[in-house]
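Structure below is coords_4.csv: CSV, C-alpha atoms and all ligand atoms.
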chain,number,residue,atom,x,y,z
A,29,MET,CA,-111.5,-0.8,-122.9
A,30,GLU,CA,-109.7,2.3,-121.9
A,31,GLY,CA,-106.4,1.8,-120.2
A,32,LYS,CA,-106.3,-1.8,-121.2
A,33,ILE,CA,-103.2,-3.0,-123.0
A,34,GLY,CA,-104.2,-4.2,-126.5
A,35,VAL,CA,-102.5,-6.5,-129.0
A,36,THR,CA,-100.9,-4.6,-131.9
A,37,GLY,CA,-98.5,-5.3,-134.7
A,38,ILE,CA,-97.5,-8.8,-133.7
A,39,LYS,CA,-95.2,-10.9,-135.9
A,40,ALA,CA,-94.7,-13.9,-133.7
A,41,ILE,CA,-96.7,-15.8,-131.1
A,42,GLY,CA,-95.2,-17.9,-128.3
A,43,PHE,CA,-97.4,-20.4,-126.5
A,44,ASP,CA,-97.3,-21.9,-123.0
A,45,LEU,CA,-98.1,-25.7,-122.9
A,46,PHE,CA,-99.8,-26.9,-119.7
A,47,ASN,CA,-103.3,-25.4,-119.1
A,48,THR,CA,-102.9,-23.3,-122.3
A,49,LEU,CA,-102.8,-25.9,-125.1
A,50,ILE,CA,-103.2,-29.0,-123.0
A,51,THR,CA,-104.6,-30.1,-119.7
A,52,ALA,CA,-103.6,-33.0,-117.5
A,53,ARG,CA,-106.3,-35.0,-115.8
A,54,PRO,CA,-106.5,-34.3,-112.0
A,55,HIS,CA,-105.1,-37.7,-111.0
A,56,ALA,CA,-102.1,-37.5,-113.4
A,57,VAL,CA,-99.6,-36.6,-110.7
A,58,SER,CA,-100.8,-39.2,-108.1
A,59,GLU,CA,-100.7,-41.8,-110.9
A,60,ALA,CA,-97.2,-40.7,-111.8
A,61,VAL,CA,-96.0,-41.1,-108.2
A,62,GLU,CA,-97.7,-44.5,-108.0
A,63,ARG,CA,-95.8,-45.6,-111.2
A,64,LEU,CA,-92.6,-44.2,-109.8
A,65,PHE,CA,-93.1,-46.2,-106.6
A,66,ASN,CA,-93.8,-49.4,-108.5
A,67,SER,CA,-90.8,-48.8,-110.7
A,68,LEU,CA,-88.4,-48.3,-107.8
A,69,LYS,CA,-89.7,-51.5,-106.2
A,70,GLU,CA,-89.0,-53.3,-109.4
A,71,GLN,CA,-85.5,-51.9,-109.3
A,72,GLY,CA,-85.0,-53.7,-106.0
A,73,PHE,CA,-85.7,-50.9,-103.5
A,74,GLU,CA,-87.6,-52.1,-100.5
A,75,LEU,CA,-90.0,-49.3,-99.8
A,76,GLU,CA,-93.2,-48.9,-97.8
A,77,GLU,CA,-95.7,-47.1,-100.0
A,78,GLU,CA,-97.1,-44.4,-97.6
A,79,SER,CA,-93.7,-43.4,-96.1
A,80,PHE,CA,-92.2,-43.3,-99.6
A,81,LYS,CA,-95.0,-41.0,-100.9
A,82,GLN,CA,-94.8,-38.7,-97.9
A,83,ALA,CA,-91.0,-38.4,-98.2
A,84,TYR,CA,-91.2,-37.8,-101.9
A,85,ARG,CA,-93.8,-35.0,-101.4
A,86,GLU,CA,-91.6,-33.4,-98.7
A,87,ASN,CA,-88.4,-33.6,-100.7
A,88,ALA,CA,-89.9,-32.5,-103.9
A,89,THR,CA,-91.5,-29.5,-102.3
A,90,ARG,CA,-88.3,-28.5,-100.5
A,91,ILE,CA,-86.1,-28.8,-103.5
A,92,ILE,CA,-88.5,-27.0,-105.8
A,93,ARG,CA,-88.8,-24.2,-103.3
A,94,GLU,CA,-85.0,-23.9,-102.9
A,95,THR,CA,-84.0,-24.1,-106.6
A,96,ARG,CA,-86.7,-21.8,-107.9
A,97,LYS,CA,-85.9,-18.9,-105.6
A,98,ASP,CA,-83.5,-17.6,-108.3
A,99,GLY,CA,-85.5,-18.8,-111.2
A,100,ARG,CA,-83.5,-22.0,-111.9
A,101,GLU,CA,-85.2,-25.1,-113.1
A,102,THR,CA,-84.7,-28.3,-111.1
A,103,HIS,CA,-85.2,-32.0,-112.0
A,104,ASN,CA,-87.2,-34.9,-110.6
A,105,ARG,CA,-84.0,-37.0,-110.4
A,106,PHE,CA,-83.0,-34.8,-107.4
A,107,TRP,CA,-86.3,-35.2,-105.6
A,108,ILE,CA,-86.2,-39.0,-106.1
A,109,SER,CA,-82.6,-39.3,-105.0
A,110,ALA,CA,-83.2,-37.1,-101.9
A,111,THR,CA,-86.2,-39.2,-101.1
A,112,LEU,CA,-84.3,-42.5,-101.3
A,113,ASN,CA,-81.4,-41.0,-99.3
A,114,SER,CA,-83.9,-40.0,-96.6
A,115,LEU,CA,-85.1,-43.6,-96.5
A,116,GLY,CA,-81.6,-45.0,-96.0
A,117,TYR,CA,-80.5,-45.7,-99.6
A,118,GLU,CA,-77.3,-44.1,-101.0
A,119,VAL,CA,-78.3,-43.3,-104.5
A,120,GLY,CA,-77.1,-40.3,-106.6
A,121,PRO,CA,-79.4,-38.3,-108.8
A,122,TYR,CA,-77.8,-39.7,-112.0
A,123,ASP,CA,-78.0,-43.4,-110.9
A,124,GLN,CA,-79.2,-45.6,-113.8
A,125,ARG,CA,-82.1,-47.0,-111.6
A,126,ILE,CA,-83.5,-43.5,-111.2
A,127,GLU,CA,-83.1,-42.9,-114.9
A,128,SER,CA,-85.4,-45.9,-115.7
A,129,CYS,CA,-87.9,-44.8,-113.1
A,130,LEU,CA,-88.3,-41.4,-114.7
A,131,ASP,CA,-89.8,-42.9,-117.8
A,132,SER,CA,-92.4,-44.7,-115.6
A,133,TYR,CA,-93.2,-41.5,-113.8
A,134,PHE,CA,-93.7,-39.4,-116.9
A,135,SER,CA,-95.7,-42.2,-118.7
A,136,ALA,CA,-98.7,-41.1,-116.6
A,137,PHE,CA,-98.6,-37.6,-118.2
A,138,LEU,CA,-98.4,-39.2,-121.6
A,139,ASP,CA,-101.5,-41.2,-120.8
A,140,TYR,CA,-103.6,-38.5,-119.1
A,141,CYS,CA,-103.0,-35.3,-121.0
A,142,GLU,CA,-105.4,-33.9,-123.6
A,143,VAL,CA,-105.6,-31.0,-126.0
A,144,ILE,CA,-107.9,-28.1,-125.0
A,145,PRO,CA,-110.9,-27.8,-127.4
A,146,GLY,CA,-110.4,-25.5,-130.3
A,147,THR,CA,-106.6,-25.6,-130.1
A,148,PHE,CA,-105.9,-27.3,-133.4
A,149,GLU,CA,-108.3,-24.9,-135.2
A,150,MET,CA,-106.6,-21.9,-133.6
A,151,LEU,CA,-103.1,-23.1,-134.4
A,152,GLY,CA,-104.2,-23.8,-138.0
A,153,ALA,CA,-105.4,-20.2,-138.2
A,154,VAL,CA,-102.2,-18.6,-136.9
A,155,THR,CA,-99.4,-20.7,-138.3
A,156,GLY,CA,-98.1,-19.3,-141.6
A,157,VAL,CA,-99.5,-15.9,-140.6
A,158,TYR,CA,-97.2,-15.5,-137.6
A,159,LYS,CA,-94.1,-17.2,-136.5
A,160,THR,CA,-95.0,-19.7,-133.8
A,161,GLY,CA,-93.0,-21.2,-131.0
A,162,LEU,CA,-93.7,-23.2,-127.8
A,163,LEU,CA,-92.1,-22.3,-124.5
A,164,SER,CA,-92.9,-24.5,-121.5
A,165,ASN,CA,-91.9,-24.8,-117.9
A,166,PHE,CA,-91.2,-28.5,-117.6
A,167,THR,CA,-88.5,-30.3,-115.7
A,168,HIS,CA,-87.9,-33.2,-118.0
A,169,PRO,CA,-87.5,-32.2,-121.6
A,170,PRO,CA,-87.8,-35.7,-123.2
A,171,ALA,CA,-91.3,-36.2,-121.7
A,172,ALA,CA,-92.5,-32.7,-122.9
A,173,GLU,CA,-91.1,-33.5,-126.4
A,174,GLN,CA,-92.9,-36.8,-126.4
A,175,LEU,CA,-96.2,-35.2,-125.2
A,176,ILE,CA,-96.0,-32.6,-128.0
A,177,ASP,CA,-95.4,-35.3,-130.6
A,178,ARG,CA,-98.0,-37.7,-129.3
A,179,LEU,CA,-100.7,-35.0,-129.1
A,180,GLY,CA,-100.0,-33.9,-132.6
A,181,LEU,CA,-98.8,-30.4,-131.7
A,182,ARG,CA,-95.3,-30.5,-133.3
A,183,PRO,CA,-96.2,-29.4,-136.9
A,184,PHE,CA,-97.6,-26.1,-135.6
A,185,PHE,CA,-94.3,-24.8,-134.1
A,186,GLU,CA,-91.1,-23.7,-135.6
A,187,PHE,CA,-89.3,-24.5,-132.3
A,188,VAL,CA,-89.9,-25.9,-128.8
A,189,LEU,CA,-88.2,-24.5,-125.7
A,190,ILE,CA,-88.4,-26.4,-122.4
A,191,SER,CA,-87.2,-24.9,-119.2
A,192,GLY,CA,-85.5,-28.2,-118.2
A,193,ALA,CA,-83.2,-27.8,-121.2
A,194,LEU,CA,-82.7,-24.0,-120.7
A,195,GLY,CA,-81.8,-24.3,-117.0
A,196,TYR,CA,-84.2,-21.5,-116.0
A,197,ARG,CA,-87.9,-21.2,-115.7
A,198,LYS,CA,-90.4,-18.5,-116.7
A,199,PRO,CA,-90.6,-15.7,-115.6
A,200,HIS,CA,-86.8,-15.6,-115.6
A,201,PRO,CA,-85.7,-13.0,-118.2
A,202,PHE,CA,-83.2,-15.5,-119.7
A,203,VAL,CA,-86.1,-17.7,-120.9
A,204,PHE,CA,-87.8,-14.9,-122.7
A,205,LYS,CA,-84.5,-13.8,-124.2
A,206,ARG,CA,-84.2,-17.2,-125.7
A,207,LEU,CA,-87.7,-17.0,-127.0
A,208,ARG,CA,-86.9,-13.7,-128.7
A,209,GLU,CA,-83.7,-15.1,-130.2
A,210,GLU,CA,-85.5,-18.1,-131.6
A,211,PHE,CA,-88.0,-15.9,-133.3
A,212,HIS,CA,-85.4,-13.4,-134.6
A,213,VAL,CA,-88.1,-10.7,-133.9
A,214,GLU,CA,-87.9,-7.7,-131.6
A,215,SER,CA,-89.7,-8.3,-128.3
A,216,GLU,CA,-92.4,-5.6,-128.9
A,217,TYR,CA,-93.7,-7.6,-131.9
A,218,ILE,CA,-93.9,-10.9,-129.9
A,219,LEU,CA,-97.1,-12.0,-128.3
A,220,TYR,CA,-96.9,-14.6,-125.5
A,221,VAL,CA,-100.0,-16.6,-124.5
A,222,GLY,CA,-100.3,-18.5,-121.2
A,223,ASP,CA,-102.5,-19.3,-118.3
A,224,ASP,CA,-100.2,-18.6,-115.3
A,225,PRO,CA,-100.2,-15.0,-114.3
A,226,ASP,CA,-96.7,-14.6,-113.0
A,227,PRO,CA,-94.5,-16.8,-115.2
A,228,ASP,CA,-96.5,-16.2,-118.4
A,229,ILE,CA,-98.0,-12.8,-118.3
A,230,ASN,CA,-95.8,-10.8,-115.9
A,231,GLY,CA,-92.7,-12.5,-117.3
A,232,ALA,CA,-93.6,-11.7,-120.9
A,233,LEU,CA,-94.5,-8.1,-120.2
A,234,LYS,CA,-91.3,-7.5,-118.2
A,235,ALA,CA,-89.4,-8.9,-121.2
A,236,GLY,CA,-91.0,-6.2,-123.3
A,237,MET,CA,-93.4,-8.5,-125.1
A,238,GLN,CA,-97.2,-8.4,-125.4
A,239,ALA,CA,-99.4,-11.0,-123.7
A,240,VAL,CA,-102.8,-12.6,-123.7
A,241,TRP,CA,-104.0,-14.3,-120.5
A,242,PHE,CA,-105.6,-17.6,-121.5
A,243,THR,CA,-108.1,-18.6,-118.8
A,244,TYR,CA,-109.8,-21.7,-120.2
A,245,ALA,CA,-108.5,-23.9,-117.4
A,246,ARG,CA,-109.2,-21.4,-114.7
A,247,ASP,CA,-112.7,-20.7,-116.0
A,248,HIS,CA,-113.5,-24.4,-116.2
A,249,HIS,CA,-112.1,-25.0,-112.7
A,250,ILE,CA,-109.6,-27.5,-114.0
A,251,PRO,CA,-107.4,-28.3,-111.0
A,252,THR,CA,-103.8,-27.3,-111.4
A,253,VAL,CA,-101.2,-29.9,-111.4
A,254,PRO,CA,-98.4,-29.4,-108.8
A,255,GLY,CA,-95.2,-28.4,-110.5
A,256,VAL,CA,-96.9,-27.4,-113.7
A,257,GLY,CA,-99.8,-25.3,-112.2
A,258,PRO,CA,-100.0,-21.6,-111.0
A,259,SER,CA,-97.0,-20.5,-109.0
A,260,GLY,CA,-97.8,-17.4,-107.1
A,261,ALA,CA,-100.0,-14.5,-108.1
A,262,SER,CA,-103.6,-15.4,-109.1
A,263,GLU,CA,-104.0,-12.3,-111.3
A,264,PRO,CA,-101.5,-10.7,-113.7
A,265,ALA,CA,-99.9,-7.5,-112.6
A,266,TYR,CA,-100.9,-5.9,-116.0
A,267,ASP,CA,-104.3,-5.4,-117.5
A,268,VAL,CA,-103.8,-7.5,-120.6
A,269,PRO,CA,-106.5,-9.0,-122.8
A,270,ARG,CA,-108.0,-12.2,-121.4
A,271,ALA,CA,-109.5,-15.0,-123.5
A,272,SER,CA,-111.4,-18.0,-122.2
A,273,THR,CA,-111.7,-19.8,-125.6
A,274,TRP,CA,-109.5,-19.8,-128.7
A,275,GLU,CA,-112.3,-18.1,-130.6
A,276,GLU,CA,-112.0,-15.2,-128.2
A,277,PHE,CA,-108.3,-15.2,-128.7
A,278,LEU,CA,-108.5,-15.1,-132.5
A,279,THR,CA,-110.9,-12.1,-132.1
A,280,ILE,CA,-108.4,-10.3,-129.8
A,281,ILE,CA,-105.6,-10.7,-132.4
A,282,GLY,CA,-107.8,-9.6,-135.2
A,283,ARG,CA,-108.2,-13.1,-136.8
A,284,GLY,CA,-111.8,-13.8,-135.6
A,285,VAL,CA,-114.4,-15.1,-138.0
B,301,MG,MG,-99.3,-23.2,-118.0
Just dump the structure as structure tokens.
Amino acid sequence: MEGKIGVTGIKAIGFDLFNTLITARPHAVSEAVERLFNSLKEQGFELEEESFKQAYRENATRIIRETRKDGRETHNRFWISATLNSLGYEVGPYDQRIESCLDSYFSAFLDYCEVIPGTFEMLGAVTGVYKTGLLSNFTHPPAAEQLIDRLGLRPFFEFVLISGALGYRKPHPFVFKRLREEFHVESEYILYVGDDPDPDINGALKAGMQAVWFTYARDHHIPTVPGVGPSGASEPAYDVPRASTWEEFLTIIGRGV
């Protein structure tokens, strides 16, 4: 198509995780909050379920909004601690009791995430041909690493970068700079693939990379998970190639059958 940005001369491909390679079932977040609540009760906090959940939602939303203004990543421990503080408990974010609850919270994601159809076939077709890396916006790196292992994705990537470990989230330039450094490839030869227009597509293009907008989740009306779903614009600011399936993606990069 005329005027459209194509994909040319790539040496490396960076992938987003949520809603690109994997999806979380719609109830994953409510299940996670439920497990968090039960875990806190087991730790001895006397909490009333509805007021806890409402306070958690409010504190999480407020802290996410504040910290992300300048592209920094936050962590669930701050939301949990702020919630407990607002309910009368003096608990710091690094309290051991919060630490144990984090595992309960993220266990829901481990139980309710699945790989998008065709992903393994696509990854098998591109690994070895291109350098491949994973770059995900995720607050709690241990849970993301566990997910990647449990779902069998690890062998396809030379490295995994998680925003929670980097301190910043996509689309912040620092995150894409780290991606380029890991690849040891000039930005113009790097293709980034993701579902979320602003962090993934606009972020990669602003960093001088190429991008493909992967719209499987959007096209299948898969609900976005708060905190890991779209975060702003509903369309990319650039007219990049769009793929709804991994077959379409392989055709776009010239590896179609
Ligand atoms: Mg995503």
Worksheet item: From the list A:Ala193, A:Ile41, A:Ala172, A:Ala153, which residue is nearest Arg100 in chain A when using all atoms listed in the file?
Response: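 With all atoms listed in the file as the atom set, the closest residue is A:Ala193.
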Distance table requested - chain A against ligand MG 301 (chain B), cut-off 6 Å, all atoms listed in the file: one row per qualifying residue with the closest atom pair and its distance in Å to one decimal, ordered by chain and rising residue number, as a Markdown table.
| residue | atom | partner | partner_atom | distance |
| --- | --- | --- | --- | --- |
| A:Asp44 | CA | B:MG301 | MG | 5.5 |
| A:Leu45 | CA | B:MG301 | MG | 5.6 |
| A:Phe46 | CA | B:MG301 | MG | 4.1 |
| A:Asn47 | CA | B:MG301 | MG | 4.7 |
| A:Thr48 | CA | B:MG301 | MG | 5.6 |
| A:Gly222 | CA | B:MG301 | MG | 5.8 |
| A:Asp223 | CA | B:MG301 | MG | 5.1 |
| A:Asp224 | CA | B:MG301 | MG | 5.4 |
Worksheet entry | Phe242 in chain A environment, 12 Å, all atoms listed in the file, sequence neighbours closer than 6 positions dropped, as a PyMOL selection string | chain A and resi 43-50+144+147+220-225+228-229+248+263-264+268-278+280
Practice prompt. Compile the contact shell of Glu78 in chain A as a list of chain:residue names: residues with an atom at most 12 Å away, counting all atoms listed in the file, same-chain residues fewer than 6 positions apart removed.
Written response: A:Val61, A:Glu62, A:Phe65, A:Tyr84, A:Arg85
Worksheet item: CA of Phe211 in chain A and CA of Asp98 in chain A are how many Å apart?
Response: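 So the answer is 25.5 Å.
Among the candidates A:Pro169, A:Gly34, A:Gly42, A:Gly284, the one nearest to Phe187 in chain A when counting all atoms listed in the file is A:Gly42.
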Worksheet item: A:Ile91, A:Ile126, A:Leu207, A:Ile38: which is nearest Ser67 in chain A, counting all atoms listed in the file?
Response: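 Closest residue, counting all atoms listed in the file: A:Ile126.
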Item to complete: Please return, as number ranges by chain, all polymer residues that have at least one atom within 9 Å of the point (-105.6, -31.3, -126.3); use only C-alpha atoms and the file's own coordinate frame.
Response: A: 49-51, 141-148, 179-181
Write a file of the just-selected residues containing C-alpha atoms, as an mmCIF file, in the coordinates of the input.
data_model
loop_
_atom_site.group_PDB
_atom_site.id
_atom_site.type_symbol
_atom_site.label_atom_id
_atom_site.label_comp_id
_atom_site.auth_asym_id
_atom_site.auth_seq_id
_atom_site.Cartn_x
_atom_site.Cartn_y
_atom_site.Cartn_z
ATOM 1 C CA LEU A 49 -102.800 -25.900 -125.100
ATOM 2 C CA ILE A 50 -103.200 -29.000 -123.000
ATOM 3 C CA THR A 51 -104.600 -30.100 -119.700
ATOM 4 C CA CYS A 141 -103.000 -35.300 -121.000
ATOM 5 C CA GLU A 142 -105.400 -33.900 -123.600
ATOM 6 C CA VAL A 143 -105.600 -31.000 -126.000
ATOM 7 C CA ILE A 144 -107.900 -28.100 -125.000
ATOM 8 C CA PRO A 145 -110.900 -27.800 -127.400
ATOM 9 C CA GLY A 146 -110.400 -25.500 -130.300
ATOM 10 C CA THR A 147 -106.600 -25.600 -130.100
ATOM 11 C CA PHE A 148 -105.900 -27.300 -133.400
ATOM 12 C CA LEU A 179 -100.700 -35.000 -129.100
ATOM 13 C CA GLY A 180 -100.000 -33.900 -132.600
ATOM 14 C CA LEU A 181 -98.800 -30.400 -131.700
#
Fill in: Top pick for closest residue to Arg63 in chain A, considering A:Asp131, A:Glu101, A:Glu94, A:Glu76 and counting all atoms listed in the file
A:Asp131
Item to complete: Might you pull out every residue within 12 Å of Phe202 in chain A, with all atoms listed in the file counted and same-chain residues fewer than 2 positions away left off, and present them as a list of chain:residue names?
Response: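 Once the adjacent positions are removed, what remains is A:Asp98, A:Gly99, A:Arg100, A:Glu101, A:Leu189, A:Ser191, A:Leu194, A:Gly195, A:Tyr196, A:Arg197, A:Lys198, A:Pro199, A:His200, A:Phe204, A:Lys205, A:Arg206, A:Leu207, A:Arg208, A:Glu209, A:Gly231, A:Ala232, A:Lys234, A:Ala235.
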Written selection (C-alpha atoms) as a PDB file, in the coordinates of the input:
ATOM      1  CA  ASP A  98     -83.500 -17.600-108.300  1.00  0.00           C
ATOM      2  CA  GLY A  99     -85.500 -18.800-111.200  1.00  0.00           C
ATOM      3  CA  ARG A 100     -83.500 -22.000-111.900  1.00  0.00           C
ATOM      4  CA  GLU A 101     -85.200 -25.100-113.100  1.00  0.00           C
ATOM      5  CA  LEU A 189     -88.200 -24.500-125.700  1.00  0.00           C
ATOM      6  CA  SER A 191     -87.200 -24.900-119.200  1.00  0.00           C
ATOM      7  CA  LEU A 194     -82.700 -24.000-120.700  1.00  0.00           C
ATOM      8  CA  GLY A 195     -81.800 -24.300-117.000  1.00  0.00           C
ATOM      9  CA  TYR A 196     -84.200 -21.500-116.000  1.00  0.00           C
ATOM     10  CA  ARG A 197     -87.900 -21.200-115.700  1.00  0.00           C
ATOM     11  CA  LYS A 198     -90.400 -18.500-116.700  1.00  0.00           C
ATOM     12  CA  PRO A 199     -90.600 -15.700-115.600  1.00  0.00           C
ATOM     13  CA  HIS A 200     -86.800 -15.600-115.600  1.00  0.00           C
ATOM     14  CA  PHE A 204     -87.800 -14.900-122.700  1.00  0.00           C
ATOM     15  CA  LYS A 205     -84.500 -13.800-124.200  1.00  0.00           C
ATOM     16  CA  ARG A 206     -84.200 -17.200-125.700  1.00  0.00           C
ATOM     17  CA  LEU A 207     -87.700 -17.000-127.000  1.00  0.00           C
ATOM     18  CA  ARG A 208     -86.900 -13.700-128.700  1.00  0.00           C
ATOM     19  CA  GLU A 209     -83.700 -15.100-130.200  1.00  0.00           C
ATOM     20  CA  GLY A 231     -92.700 -12.500-117.300  1.00  0.00           C
ATOM     21  CA  ALA A 232     -93.600 -11.700-120.900  1.00  0.00           C
ATOM     22  CA  LYS A 234     -91.300  -7.500-118.200  1.00  0.00           C
ATOM     23  CA  ALA A 235     -89.400  -8.900-121.200  1.00  0.00           C
TER      24      ALA A 235
END
Practice prompt. One decimal, Å: what's the distance from CA of Gly37 in chain A over to CA of Arg246 in chain A, could you say?
Written response: 27.8 Å
Item to complete: Using CA of Val35 in chain A and CA of Pro251 in chain A as the two end points, give the distance in Å to one decimal.
Response: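 Computed distance, CA of Val35 in chain A to CA of Pro251 in chain A, equals 28.7 Å.
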Fill in: Point (-88.2, -31.8, -110.1) neighbourhood (9 Å, all atoms listed in the file) written as a PyMOL selection string
chain A and resi 88-89+91-92+101-108+166-168+255
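Each of A:Leu163, A:Ile218, A:Ala110, A:Ala136 was checked against Ala52 in chain A using only C-alpha atoms; the smallest atom-to-atom distance is that of A:Ala136.
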Near Thr155 in chain A, counting all atoms listed in the file, which residues have an atom at most 10 Å away, once you skip same-chain residues fewer than 6 positions from it, shown as a PDB file with C-alpha atoms, in the coordinates of the input?
ATOM      1  CA  ALA A  40     -94.700 -13.900-133.700  1.00  0.00           C
ATOM      2  CA  ILE A  41     -96.700 -15.800-131.100  1.00  0.00           C
ATOM      3  CA  GLY A 161     -93.000 -21.200-131.000  1.00  0.00           C
ATOM      4  CA  PRO A 183     -96.200 -29.400-136.900  1.00  0.00           C
ATOM      5  CA  PHE A 184     -97.600 -26.100-135.600  1.00  0.00           C
ATOM      6  CA  PHE A 185     -94.300 -24.800-134.100  1.00  0.00           C
ATOM      7  CA  GLU A 186     -91.100 -23.700-135.600  1.00  0.00           C
TER       8      GLU A 186
END
Practice prompt. Determine the nearest neighbour of Ile33 in chain A from the options A:Asn87, A:Pro201, A:Ala265, A:Gln82, counting only C-alpha atoms.
Written response: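 The shortest atom-to-atom distance to Ile33 in chain A comes from A:Ala265.
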As lines of an AutoDock Vina configuration file, what would the box around range 263-278 of chain A look like: edges along x, y and z, 4 Å added on every side, centre and edge lengths in Å to one decimal?
center_x = -106.1
center_y = -12.6
center_z = -121.9
size_x = 20.4
size_y = 22.4
size_z = 29.2
